[in-house]
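Structure, as structure tokens:
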Amino acid sequence: MDSVEKRRLRAILILGLFVILAWAPWITEDRANELVTSHLGGETPYNYLGETILVKNIPRSFVKLPFIALVYFPGEAVYIVTFFGWVI
């Protein structure tokens, strides 16, 4: 293998790793919801649109983007779940 082929192979491997991290297949909708619920305390009361309900019962929407997933509480809040599993 010559130097050009090694550089090309290294670039392909780095690009492949980047794509896998961006896709983050381990952050599924269920996992993102679970992380947000535990971050906020599942049995904790939450003032959702002027009504107090448990965090685990709040309706949610899920959007997957590169490197992150978004968990929406419609009309209220958005939580970002990173590919590391952190909730912001």
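Every chain in the structure tokens has a letter given in the order shown (A, B, ...), and although residue numbers restart at 1 in each chain, ligands are simply numbered from 1 in the order shown.
Residues in contact with range 68-83 of chain A at 8 Å, where only C-alpha atoms are counted and same-chain residues fewer than 6 positions away are skipped, are listed as Leu21, Ala22, Ala24, Trp26, Ile27, Ala32, Asn33, Leu35, Val36, Tyr48, Leu49, Ile58, Pro59, Arg60, Ser61 and Phe62 of chain A.
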Selected residues, C-alpha atoms, written as an mmCIF file, in the first residue's frame, please.
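Result went into selection_9.cif, see below:
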```cif
data_model
loop_
_atom_site.group_PDB
_atom_site.id
_atom_site.type_symbol
_atom_site.label_atom_id
_atom_site.label_comp_id
_atom_site.auth_asym_id
_atom_site.auth_seq_id
_atom_site.Cartn_x
_atom_site.Cartn_y
_atom_site.Cartn_z
ATOM 1 C CA LEU A 21 -21.564 9.557 15.399
ATOM 2 C CA ALA A 22 -23.816 11.984 13.547
ATOM 3 C CA ALA A 24 -26.190 8.129 16.739
ATOM 4 C CA TRP A 26 -28.232 4.322 20.055
ATOM 5 C CA ILE A 27 -30.388 7.420 20.697
ATOM 6 C CA ALA A 32 -34.449 9.995 24.355
ATOM 7 C CA ASN A 33 -37.828 10.079 26.127
ATOM 8 C CA LEU A 35 -33.403 10.261 29.380
ATOM 9 C CA VAL A 36 -35.553 13.419 29.446
ATOM 10 C CA TYR A 48 -47.493 21.936 31.634
ATOM 11 C CA LEU A 49 -49.490 24.684 29.919
ATOM 12 C CA ILE A 58 -46.571 14.895 29.352
ATOM 13 C CA PRO A 59 -47.227 14.453 25.618
ATOM 14 C CA ARG A 60 -44.040 14.538 23.536
ATOM 15 C CA SER A 61 -42.723 14.824 20.024
ATOM 16 C CA PHE A 62 -39.379 13.473 18.838
#
```
Helix (DSSP H, G or I) per DSSP on the backbone: members of range 1-78 of chain A, as a VMD selection string: chain A and resid 3 to 23 29 to 40 55 to 57
Store the residues of this selection in a file with N, CA and C atoms, as a CSV table (one decimal), in the first residue's frame.
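Produced file out-v9.csv, reproduced below:
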```
chain,number,residue,atom,x,y,z
A,3,SER,N,1.5,5.5,0.0
A,3,SER,CA,1.1,6.6,0.9
A,3,SER,C,-0.3,7.2,0.6
A,4,VAL,N,-0.5,7.3,-0.7
A,4,VAL,CA,-1.8,7.9,-1.2
A,4,VAL,C,-3.0,7.0,-0.8
A,5,GLU,N,-2.8,5.7,-0.9
A,5,GLU,CA,-3.8,4.7,-0.6
A,5,GLU,C,-4.1,4.7,0.9
A,6,LYS,N,-3.0,4.8,1.7
A,6,LYS,CA,-3.2,4.9,3.2
A,6,LYS,C,-3.9,6.1,3.6
A,7,ARG,N,-3.6,7.3,3.0
A,7,ARG,CA,-4.3,8.5,3.3
A,7,ARG,C,-5.8,8.4,2.9
A,8,ARG,N,-6.1,7.8,1.8
A,8,ARG,CA,-7.4,7.7,1.3
A,8,ARG,C,-8.2,6.7,2.3
A,9,LEU,N,-7.6,5.6,2.7
A,9,LEU,CA,-8.3,4.7,3.6
A,9,LEU,C,-8.5,5.4,4.9
A,10,ARG,N,-7.5,6.1,5.4
A,10,ARG,CA,-7.7,6.8,6.7
A,10,ARG,C,-8.8,7.8,6.6
A,11,ALA,N,-8.9,8.6,5.5
A,11,ALA,CA,-10.0,9.5,5.3
A,11,ALA,C,-11.4,8.9,5.3
A,12,ILE,N,-11.4,7.7,4.6
A,12,ILE,CA,-12.7,7.0,4.5
A,12,ILE,C,-13.1,6.5,5.9
A,13,LEU,N,-12.2,6.0,6.7
A,13,LEU,CA,-12.5,5.5,8.1
A,13,LEU,C,-12.9,6.7,9.0
A,14,ILE,N,-12.3,7.8,8.8
A,14,ILE,CA,-12.7,9.0,9.6
A,14,ILE,C,-14.0,9.5,9.2
A,15,LEU,N,-14.3,9.5,7.9
A,15,LEU,CA,-15.7,9.9,7.5
A,15,LEU,C,-16.7,8.9,8.0
A,16,GLY,N,-16.4,7.6,7.9
A,16,GLY,CA,-17.4,6.6,8.4
A,16,GLY,C,-17.7,6.8,9.9
A,17,LEU,N,-16.6,7.0,10.7
A,17,LEU,CA,-16.8,7.3,12.1
A,17,LEU,C,-17.7,8.5,12.3
A,18,PHE,N,-17.4,9.6,11.6
A,18,PHE,CA,-18.2,10.8,11.7
A,18,PHE,C,-19.6,10.6,11.4
A,19,VAL,N,-19.9,9.8,10.3
A,19,VAL,CA,-21.3,9.5,9.9
A,19,VAL,C,-22.0,8.7,11.0
A,20,ILE,N,-21.3,7.7,11.6
A,20,ILE,CA,-22.0,6.9,12.7
A,20,ILE,C,-22.3,7.8,13.9
A,21,LEU,N,-21.3,8.7,14.3
A,21,LEU,CA,-21.6,9.6,15.4
A,21,LEU,C,-22.7,10.5,15.1
A,22,ALA,N,-22.8,11.0,13.9
A,22,ALA,CA,-23.8,12.0,13.5
A,22,ALA,C,-25.2,11.3,13.6
A,23,TRP,N,-25.2,10.1,13.1
A,23,TRP,CA,-26.5,9.3,13.1
A,23,TRP,C,-26.9,8.9,14.5
A,29,GLU,N,-36.0,7.0,19.9
A,29,GLU,CA,-37.1,7.8,20.4
A,29,GLU,C,-37.4,7.4,21.9
A,30,ASP,N,-37.5,6.1,22.1
A,30,ASP,CA,-37.7,5.6,23.5
A,30,ASP,C,-36.6,6.0,24.4
A,31,ARG,N,-35.3,5.9,24.0
A,31,ARG,CA,-34.2,6.2,24.8
A,31,ARG,C,-34.2,7.7,25.1
A,32,ALA,N,-34.4,8.5,24.1
A,32,ALA,CA,-34.4,10.0,24.4
A,32,ALA,C,-35.5,10.4,25.3
A,33,ASN,N,-36.7,9.8,25.2
A,33,ASN,CA,-37.8,10.1,26.1
A,33,ASN,C,-37.5,9.6,27.5
A,34,GLU,N,-36.8,8.5,27.6
A,34,GLU,CA,-36.4,8.0,29.0
A,34,GLU,C,-35.4,8.9,29.6
A,35,LEU,N,-34.4,9.4,28.8
A,35,LEU,CA,-33.4,10.3,29.4
A,35,LEU,C,-34.0,11.6,29.8
A,36,VAL,N,-34.9,12.2,29.1
A,36,VAL,CA,-35.6,13.4,29.4
A,36,VAL,C,-36.4,13.2,30.7
A,37,THR,N,-37.2,12.1,30.7
A,37,THR,CA,-38.0,11.9,31.9
A,37,THR,C,-37.2,11.7,33.1
A,38,SER,N,-36.1,10.9,33.1
A,38,SER,CA,-35.3,10.8,34.3
A,38,SER,C,-34.6,12.1,34.6
A,39,HIS,N,-34.2,12.9,33.6
A,39,HIS,CA,-33.5,14.2,33.9
A,39,HIS,C,-34.5,15.1,34.7
A,40,LEU,N,-35.8,15.1,34.3
A,40,LEU,CA,-36.7,15.9,35.0
A,40,LEU,C,-37.4,15.3,36.2
A,55,VAL,N,-44.3,14.4,35.1
A,55,VAL,CA,-43.4,14.5,33.9
A,55,VAL,C,-43.6,13.4,32.9
A,56,LYS,N,-43.8,12.1,33.5
A,56,LYS,CA,-43.9,11.0,32.6
A,56,LYS,C,-45.2,11.0,31.8
A,57,ASN,N,-46.2,11.8,32.1
A,57,ASN,CA,-47.4,11.8,31.4
A,57,ASN,C,-47.6,12.9,30.4
```
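Backbone DSSP assigns strand (DSSP E or B) in range 31-83 of chain A to Pro45, Tyr46, Asn47, Tyr48, Glu51, Thr52, Ile53, Leu54, Ser61, Phe62, Val63, Lys64, Leu65, Ile68, Ala69, Leu70, Val71, Tyr72, Phe73, Ala77, Val78, Tyr79, Ile80, Val81 and Thr82 of chain A.
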